[in-house]
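K.L.:
Sharing final37.txt (compact mmCIF, C-alpha atoms) below.
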```txt
# COMPACT_ATOMS: atom_id res chain seq x y z
CA MET A 1 -61.93 6.08 5.68
CA THR A 2 -62.12 3.19 3.20
CA GLN A 3 -59.68 2.73 0.36
CA GLU A 4 -62.36 3.70 -2.19
CA THR A 5 -63.14 6.91 -0.29
CA ARG A 6 -59.45 7.84 -0.14
CA LEU A 7 -59.13 7.18 -3.86
CA GLU A 8 -62.14 9.42 -4.62
CA SER A 9 -60.69 12.15 -2.40
CA LYS A 10 -57.37 12.01 -4.24
CA MET A 11 -59.14 12.19 -7.59
CA GLU A 12 -61.04 15.31 -6.46
CA ARG A 13 -57.87 17.00 -5.23
CA LYS A 14 -55.96 16.27 -8.42
CA PRO A 15 -58.16 18.42 -10.74
CA LEU A 16 -58.10 21.14 -8.08
CA ARG A 17 -54.29 21.09 -7.98
CA GLU A 18 -54.13 21.05 -11.78
CA SER A 19 -56.51 24.02 -11.90
CA ARG A 20 -54.34 25.95 -9.45
CA ILE A 21 -51.19 25.12 -11.41
CA PHE A 22 -52.86 26.29 -14.63
CA THR A 23 -54.00 29.50 -12.95
CA ASN A 24 -50.52 30.21 -11.58
CA ILE A 25 -49.02 29.61 -15.02
CA LEU A 26 -51.44 32.13 -16.53
CA VAL A 27 -50.60 34.68 -13.84
CA VAL A 28 -46.87 34.28 -14.45
CA ILE A 29 -47.36 34.57 -18.23
CA LEU A 30 -49.40 37.74 -17.69
CA GLY A 31 -46.75 39.22 -15.39
CA VAL A 32 -43.95 38.48 -17.86
CA ILE A 33 -45.90 39.95 -20.80
CA TRP A 34 -46.64 43.16 -18.91
CA GLY A 35 -43.11 43.36 -17.51
CA LEU A 36 -41.54 43.16 -20.97
CA ALA A 37 -44.01 45.80 -22.18
CA PHE A 38 -41.89 48.42 -20.40
CA VAL A 39 -38.89 47.29 -22.47
CA ALA A 40 -40.97 47.46 -25.65
CA ILE A 41 -42.18 50.99 -24.82
CA ARG A 42 -38.62 52.15 -24.16
CA THR A 43 -37.51 50.64 -27.49
CA ALA A 44 -40.37 52.19 -29.47
CA ASP A 45 -39.77 55.59 -27.84
CA PHE A 46 -36.46 55.87 -29.70
CA GLN A 47 -38.35 56.38 -32.98
CA LEU A 48 -41.90 57.30 -32.03
CA SER A 49 -43.14 60.26 -30.02
CA PRO A 50 -45.26 59.37 -26.96
CA VAL A 51 -48.39 60.56 -28.79
CA ASN A 52 -47.72 58.61 -31.99
CA LEU A 53 -46.85 55.46 -30.03
CA THR A 54 -50.11 55.70 -28.09
CA ILE A 55 -52.16 56.19 -31.27
CA LEU A 56 -50.45 53.43 -33.27
CA ARG A 57 -50.60 50.91 -30.42
CA TRP A 58 -54.30 51.45 -29.80
CA LEU A 59 -55.33 51.53 -33.44
CA ILE A 60 -53.81 48.06 -33.84
CA ALA A 61 -55.21 46.87 -30.49
CA SER A 62 -58.66 48.13 -31.45
CA ALA A 63 -58.58 45.97 -34.57
CA GLY A 64 -57.97 42.99 -32.27
CA PHE A 65 -60.79 43.99 -29.92
CA LEU A 66 -63.14 44.52 -32.87
CA ALA A 67 -62.39 40.95 -33.93
CA LEU A 68 -63.39 39.76 -30.44
CA ALA A 69 -66.49 41.97 -30.21
CA PRO A 70 -68.91 39.68 -32.15
CA PHE A 71 -68.09 36.80 -29.78
CA PHE A 72 -67.53 38.48 -26.41
CA GLY A 73 -68.67 42.09 -26.78
CA LYS A 74 -72.37 41.83 -25.92
CA PRO A 75 -73.05 43.34 -22.45
CA LYS A 76 -75.07 41.32 -19.94
CA GLN A 77 -77.69 44.09 -20.00
CA ARG A 78 -78.49 47.33 -21.79
CA VAL A 79 -76.09 50.16 -20.95
CA GLN A 80 -77.70 52.56 -18.48
CA ARG A 81 -77.59 56.29 -19.20
CA HIS A 82 -76.22 57.14 -15.75
CA ASP A 83 -73.19 54.88 -16.43
CA ILE A 84 -72.12 56.77 -19.55
CA PRO A 85 -70.03 59.43 -17.70
CA ARG A 86 -68.23 56.63 -15.79
CA ILE A 87 -67.58 54.76 -19.04
CA LEU A 88 -66.11 57.88 -20.66
CA VAL A 89 -63.87 58.66 -17.65
CA VAL A 90 -62.61 55.08 -17.42
CA SER A 91 -61.95 54.96 -21.19
CA LEU A 92 -60.03 58.24 -21.08
CA ALA A 93 -58.00 57.18 -18.04
CA SER A 94 -57.14 53.71 -19.33
CA VAL A 95 -55.98 54.70 -22.82
CA ILE A 96 -54.81 58.32 -22.93
CA GLY A 97 -54.28 58.99 -19.22
CA TYR A 98 -52.26 55.84 -18.51
CA HIS A 99 -50.48 55.09 -21.78
CA LEU A 100 -49.67 58.58 -23.02
CA SER A 101 -48.08 59.60 -19.71
CA LEU A 102 -46.20 56.28 -19.45
CA ASN A 103 -44.89 56.59 -23.02
CA TYR A 104 -43.68 60.10 -22.21
CA ALA A 105 -42.06 58.90 -18.99
CA GLU A 106 -40.11 56.15 -20.73
CA SER A 107 -38.64 58.66 -23.16
CA ILE A 108 -36.79 59.93 -20.06
CA VAL A 109 -36.46 57.11 -17.50
CA SER A 110 -35.32 53.50 -17.95
CA ALA A 111 -37.70 50.58 -18.46
CA GLY A 112 -36.66 49.09 -15.12
CA LEU A 113 -37.26 52.31 -13.20
CA ALA A 114 -40.67 52.79 -14.84
CA GLY A 115 -41.62 49.22 -13.93
CA LEU A 116 -40.72 49.83 -10.30
CA LEU A 117 -42.53 53.15 -10.06
CA ILE A 118 -45.71 51.82 -11.67
CA SER A 119 -46.06 49.72 -8.50
CA LEU A 120 -47.66 52.84 -7.01
CA GLY A 121 -50.78 51.79 -8.92
CA PRO A 122 -52.05 49.24 -6.36
CA ILE A 123 -51.42 51.77 -3.57
CA PHE A 124 -53.59 54.33 -5.35
CA VAL A 125 -56.23 51.64 -5.96
CA VAL A 126 -56.51 51.00 -2.22
CA VAL A 127 -56.80 54.74 -1.51
CA LEU A 128 -59.46 55.36 -4.18
CA SER A 129 -61.36 52.24 -3.14
CA SER A 130 -61.54 53.58 0.39
CA LEU A 131 -62.77 56.96 -0.83
CA PHE A 132 -65.31 55.93 -3.48
CA LEU A 133 -66.15 52.29 -2.82
CA LYS A 134 -66.21 52.68 0.98
CA GLU A 135 -63.68 49.89 1.49
CA LYS A 136 -62.13 49.95 4.95
CA ILE A 137 -58.50 50.90 5.51
CA GLY A 138 -56.38 50.83 8.61
CA LYS A 139 -53.08 51.96 10.06
CA ARG A 140 -51.22 49.51 7.83
CA LEU A 141 -52.25 51.49 4.73
CA ALA A 142 -50.65 54.63 6.16
CA LEU A 143 -47.42 52.67 6.64
CA ALA A 144 -47.76 51.26 3.12
CA LEU A 145 -48.20 54.75 1.68
CA ALA A 146 -45.20 56.05 3.61
CA SER A 147 -43.04 53.17 2.40
CA ALA A 148 -44.20 53.42 -1.23
CA MET A 149 -43.82 57.20 -1.40
CA SER A 150 -40.37 56.96 0.17
CA GLY A 151 -39.43 54.38 -2.42
CA ALA A 152 -40.76 56.58 -5.21
CA ALA A 153 -38.75 59.54 -3.87
CA VAL A 154 -35.55 57.46 -3.72
CA LEU A 155 -36.12 56.12 -7.24
CA SER A 156 -36.75 59.65 -8.52
CA LEU A 157 -33.47 60.84 -7.00
CA SER A 158 -31.64 58.17 -8.99
CA THR A 159 -32.64 59.95 -12.23
CA GLY A 160 -31.09 63.30 -11.32
CA LEU A 161 -32.48 66.62 -10.09
CA ASN A 162 -32.98 68.76 -13.20
CA PHE A 163 -36.55 69.53 -14.27
CA GLN A 164 -36.72 67.35 -17.39
CA GLN A 165 -35.34 64.27 -15.64
CA ILE A 166 -37.68 64.62 -12.66
CA THR A 167 -40.74 64.84 -14.95
CA GLY A 168 -40.10 61.23 -15.97
CA PRO A 169 -40.78 59.69 -12.53
CA LEU A 170 -43.66 62.14 -12.01
CA ALA A 171 -45.23 60.98 -15.29
CA VAL A 172 -44.95 57.33 -14.18
CA ALA A 173 -46.62 58.23 -10.87
CA PHE A 174 -49.41 59.93 -12.83
CA SER A 175 -49.74 56.78 -14.97
CA ALA A 176 -50.08 54.73 -11.79
CA PHE A 177 -52.81 57.09 -10.60
CA MET A 178 -54.62 56.78 -13.95
CA TYR A 179 -54.38 53.00 -13.59
CA SER A 180 -56.09 53.24 -10.22
CA VAL A 181 -58.85 55.44 -11.68
CA PHE A 182 -59.41 52.82 -14.37
CA ALA A 183 -59.27 49.86 -11.95
CA VAL A 184 -61.61 51.35 -9.37
CA GLY A 185 -63.95 52.99 -11.88
CA SER A 186 -64.39 49.83 -13.94
CA LYS A 187 -65.37 47.58 -11.00
CA PRO A 188 -69.08 48.52 -11.08
CA LEU A 189 -69.06 48.28 -14.90
CA VAL A 190 -67.58 44.78 -14.86
CA LYS A 191 -70.15 43.68 -12.30
CA GLN A 192 -73.08 45.11 -14.28
CA TYR A 193 -72.09 44.44 -17.90
CA GLY A 194 -69.52 41.64 -17.76
CA ALA A 195 -65.72 41.59 -17.78
CA LEU A 196 -64.89 41.05 -21.45
CA PRO A 197 -67.61 43.37 -22.84
CA THR A 198 -66.35 46.10 -20.50
CA ALA A 199 -62.74 45.55 -21.57
CA ILE A 200 -63.62 45.58 -25.28
CA TRP A 201 -65.79 48.70 -25.28
CA ILE A 202 -63.54 50.65 -22.90
CA ALA A 203 -60.66 49.96 -25.30
CA LEU A 204 -62.63 51.02 -28.39
CA ILE A 205 -63.98 54.20 -26.80
CA GLY A 206 -60.53 55.03 -25.39
CA THR A 207 -59.00 54.61 -28.86
CA ALA A 208 -61.58 57.06 -30.24
CA PHE A 209 -60.22 59.64 -27.78
CA THR A 210 -56.78 59.33 -29.43
CA LEU A 211 -57.99 60.18 -32.93
CA PRO A 212 -57.97 64.00 -32.49
CA LEU A 213 -54.27 63.70 -31.58
CA ILE A 214 -53.26 62.35 -35.00
CA SER A 215 -50.86 64.75 -36.70
CA VAL A 216 -50.58 65.48 -40.42
CA ASP A 217 -47.26 63.62 -40.63
CA PHE A 218 -48.45 60.55 -38.72
CA ILE A 219 -48.42 58.27 -41.79
CA THR A 220 -45.00 59.55 -42.83
CA LYS A 221 -43.56 58.84 -39.39
CA ILE A 222 -44.97 55.31 -39.42
CA GLN A 223 -43.47 54.55 -42.84
CA GLN A 224 -40.01 55.37 -41.48
CA LEU A 225 -40.13 52.90 -38.58
CA SER A 226 -37.47 50.21 -38.29
CA THR A 227 -38.26 46.52 -37.95
CA ILE A 228 -37.45 46.46 -34.22
CA THR A 229 -39.80 49.39 -33.60
CA TRP A 230 -42.62 47.68 -35.50
CA LEU A 231 -42.04 44.48 -33.52
CA SER A 232 -42.19 46.49 -30.29
CA VAL A 233 -45.45 48.18 -31.30
CA LEU A 234 -47.03 44.88 -32.36
CA TYR A 235 -45.93 43.31 -29.09
CA LEU A 236 -47.54 46.16 -27.14
CA ALA A 237 -50.77 46.13 -29.16
CA LEU A 238 -51.43 42.42 -29.64
CA LEU A 239 -49.66 40.65 -26.79
CA SER A 240 -49.56 43.24 -24.00
CA THR A 241 -53.03 44.66 -24.72
CA VAL A 242 -55.37 42.22 -26.50
CA PHE A 243 -53.93 38.83 -25.49
CA ALA A 244 -53.07 39.95 -21.95
CA ASN A 245 -56.58 41.29 -21.41
CA VAL A 246 -58.08 37.98 -22.53
CA ILE A 247 -55.90 36.18 -19.95
CA LEU A 248 -56.78 38.74 -17.30
CA TYR A 249 -60.52 38.39 -17.74
CA LEU A 250 -60.24 34.61 -18.03
CA LEU A 251 -58.72 34.70 -14.54
CA ILE A 252 -61.43 37.07 -13.34
CA GLY A 253 -64.07 34.77 -14.78
CA ASN A 254 -62.54 31.83 -12.90
CA ARG A 255 -62.56 33.90 -9.68
CA SER A 256 -58.77 33.74 -9.47
CA VAL A 257 -58.34 37.47 -8.81
CA SER A 258 -56.64 36.93 -5.45
CA ARG A 259 -53.68 35.28 -7.16
CA LEU A 260 -53.17 38.25 -9.46
CA SER A 261 -51.26 39.91 -6.60
CA ILE A 262 -48.27 37.85 -7.75
CA GLN A 263 -48.10 40.19 -10.76
CA LEU A 264 -47.31 43.12 -8.50
CA TYR A 265 -43.90 41.56 -7.94
CA ILE A 266 -43.35 39.84 -11.30
CA VAL A 267 -43.97 42.92 -13.49
CA PRO A 268 -41.34 45.26 -11.95
CA LEU A 269 -38.79 42.45 -11.64
CA VAL A 270 -39.24 41.45 -15.29
CA SER A 271 -39.05 45.08 -16.44
CA LEU A 272 -35.88 45.60 -14.40
CA VAL A 273 -34.16 42.43 -15.64
CA GLY A 274 -35.44 43.00 -19.18
CA GLY A 275 -34.04 46.53 -19.20
CA ILE A 276 -30.64 45.27 -18.05
CA VAL A 277 -30.44 42.30 -20.43
CA LEU A 278 -32.12 43.70 -23.55
CA LEU A 279 -31.36 47.43 -23.30
CA GLY A 280 -28.13 47.46 -21.30
CA GLU A 281 -29.61 49.58 -18.50
CA GLY A 282 -27.73 49.93 -15.23
CA VAL A 283 -28.83 49.54 -11.63
CA SER A 284 -27.68 51.81 -8.80
CA ILE A 285 -27.87 51.38 -5.03
CA LEU A 286 -30.69 53.95 -5.03
CA THR A 287 -32.65 51.78 -7.47
CA VAL A 288 -32.29 48.75 -5.20
CA LEU A 289 -33.23 50.73 -2.07
CA GLY A 290 -36.20 52.39 -3.76
CA GLY A 291 -37.36 49.04 -5.15
CA VAL A 292 -37.29 47.43 -1.68
CA LEU A 293 -39.34 50.29 -0.25
CA MET A 294 -41.83 50.04 -3.12
CA PHE A 295 -42.26 46.28 -2.69
CA THR A 296 -42.73 46.76 1.05
CA GLY A 297 -45.46 49.32 0.45
CA VAL A 298 -47.25 47.10 -2.07
CA ALA A 299 -47.07 44.10 0.28
CA LEU A 300 -48.48 46.08 3.19
CA ALA A 301 -51.29 47.57 1.09
CA THR A 302 -52.44 44.39 -0.66
CA ARG A 303 -51.96 41.52 1.80
CA LYS A 304 -54.49 40.78 4.51
CA HIS A 305 -51.99 39.17 6.87
```
Written as structure tokens, that's how I'd like the structure from this file.

P.N.:
Amino acid sequence: MTQETRLESKMERKPLRESRIFTNILVVILGVIWGLAFVAIRTADFQLSPVNLTILRWLIASAGFLALAPFFGKPKQRVQRHDIPRILVVSLASVIGYHLSLNYAESIVSAGLAGLLISLGPIFVVVLSSLFLKEKIGKRLALALASAMSGAAVLSLSTGLNFQQITGPLAVAFSAFMYSVFAVGSKPLVKQYGALPTAIWIALIGTAFTLPLISVDFITKIQQLSTITWLSVLYLALLSTVFANVILYLLIGNRSVSRLSIQLYIVPLVSLVGGIVLLGEGVSILTVLGGVLMFTGVALATRKH
């Protein structure tokens, strides 16, 4: 290899390395934003009911998505009639199903515990993908499920055994299942209509589903919010929803989806550390044991080797 050829090879590898570094930075930013979202939800739950938090967050987020719609909201093709039921189910699952149950859960459990339990989401994604998208699974998935469910059981025990306390972990598990419904159900939509148009219209339709839940004292409740609660809601709506989705679909557009698996470990770790540092939450031996089992299950379910 001549000196000129080696120089050209190095110049080709440099942009590739820079692209990978940029992608990894975006993935880490995304993981940190979503990890701290659990802290923001826990903070907002002190003043807002789960229903009011869901409505307020998505009304603000919808304003952001509406601003993006003229630039990125046009689907690649006309929406097909047979896709409408899927669009409605995905919208309902992603907004009300996921966020309302998670907001309720964090009125009971800590931000760190919720962040660990939400790791069930990728496990459910693999299961639903095998059922509805005919993706192959093997013995390793059974081991992953056993590990993840064991971890979830251990984490649930750390909250106590009375009915109200146990509904918190169950609500997080339901949120994780709703996440999997959204993730699996939206795959064909993203392929057919485009990533950002799908994200924008799913968000807007999902927000419409929250409108019948608005109570007569909704405005009064909002007027009484403290500054820290407003900052938490704005963080959830603008950073964790609108900005994070733009990053997510930028990564999808660059075909960097495989590296998003890093989030599965960043999000619960950030939520756990954030809960300890910002909210003064504690960590028990059961939390550590359950977290290890959860991470093991996620690793087994999502890694090829």

K.L.:
For Thr229 of chain A, list every protein, DNA or RNA residue within 8 Å, evaluated using only C-alpha atoms, and leave out those in the same chain fewer than 6 positions away; present the list as a ChimeraX atom specification.

P.N.:
/A:43-44,47

K.L.:
What would the file look like if the residues just selected were written as a PDB file, in the coordinates of the input with C-alpha atoms?

P.N.:
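Dumped to out35.pdb:
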```
ATOM      1  CA  THR A  43     -37.510  50.640 -27.490  1.00  0.00           C
ATOM      2  CA  ALA A  44     -40.370  52.190 -29.470  1.00  0.00           C
ATOM      3  CA  GLN A  47     -38.350  56.380 -32.980  1.00  0.00           C
TER       4      GLN A  47
END
```

K.L.:
Would you pick out the contacts of Ala176 of chain A at 7 Å or less, using all atoms listed in the file, so that residues sharing its chain but fewer than 4 positions from it are not included, and give the list as number ranges by chain?

P.N.:
A: 118, 120-121, 172, 180

K.L.:
Could you give me, as a VMD selection string, the residues within 10 Å of segment 85-94 of chain A, counting all atoms listed in the file and dropping anything in the same chain fewer than 2 positions from it?

P.N.:
chain A and resid 79 81 to 83 96 to 100 175 177 to 186 188 to 189 198 to 199 201 to 210

K.L.:
Hey, what's within 8 Å of segment 48-55 of chain A if we count all atoms listed in the file and toss same-chain stuff fewer than 3 positions away? As a list of chain:residue names, please?

P.N.:
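Neighbouring residues, sequence-local ones excluded: A:Ala44, A:Asp45, A:Trp58, A:Leu59, A:Val95, A:Ile96, A:His99, A:Leu100, A:Ser101, A:Asn103, A:Tyr104, A:Ser107, A:Thr207, A:Thr210, A:Leu211, A:Leu213, A:Ile214, A:Phe218, A:Lys221, A:Val233.
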
K.L.:
Could you name the residues that touch Leu113 of chain A at 12 Å or less, counting all atoms listed in the file, but leaving out those on the same chain fewer than 3 positions away, as number ranges by chain?

P.N.:
A: 35, 38-39, 42, 102, 105-110, 116-119, 151-159, 168-173, 267-276, 281-284, 286-291, 294

K.L.:
Quote the spacing between atom CA of Gly31 of chain A and atom CA of Tyr265 of chain A in Å to one decimal place.

P.N.:
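That distance, rounded to one decimal, is 8.3 Å.
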
K.L.:
Between atom CA of Asn245 of chain A and atom CA of Leu66 of chain A, what is the spacing in Å?

P.N.:
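So the two atoms, atom CA of Leu66 of chain A and atom CA of Asn245 of chain A, lie 13.6 Å apart.
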
K.L.:
Can you measure atom CA of Asn24 of chain A to atom CA of Leu293 of chain A for me? One decimal in Å is fine.

P.N.:
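Atom-to-atom, atom CA of Asn24 of chain A to atom CA of Leu293 of chain A, that is 25.6 Å.
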
K.L.:
Quick one: of A:Ile29, A:Ala195, A:Gly73, A:Lys187, who's nearest to Leu250 of chain A, counting only C-alpha atoms?

P.N.:
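Of A:Ile29, A:Ala195, A:Gly73, A:Lys187, the one nearest Leu250 of chain A is A:Ala195, counting only C-alpha atoms.
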
K.L.:
Which is closer to Leu143 of chain A than all the others in A:Gln224, A:Ile25, A:Phe174, A:Ile123, using all atoms listed in the file?

P.N.:
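Going through A:Gln224, A:Ile25, A:Phe174, A:Ile123 one by one, the smallest distance to Leu143 of chain A is for A:Ile123.
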
K.L.:
Using all atoms listed in the file, pick whichever of A:Ile21, A:Ala63, A:Leu128, A:Leu36 has the shortest atom-to-atom distance to Val277 of chain A.

P.N.:
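Residue with the minimum atom-to-atom distance to Val277 of chain A: A:Leu36.
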
K.L.:
Restricting the calculation to all atoms listed in the file: of A:Ile285, A:Val125, A:Val242, A:Leu278, which residue gets closest to Phe65 of chain A?

P.N.:
A:Val242

K.L.:
My list of candidates is A:Phe46, A:Pro70, A:Leu251, A:Leu30. Which is closest to Leu225 of chain A when distances are computed with only C-alpha atoms?

P.N.:
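Looking only at the distances to Leu225 of chain A, the closest residue turns out to be A:Phe46.
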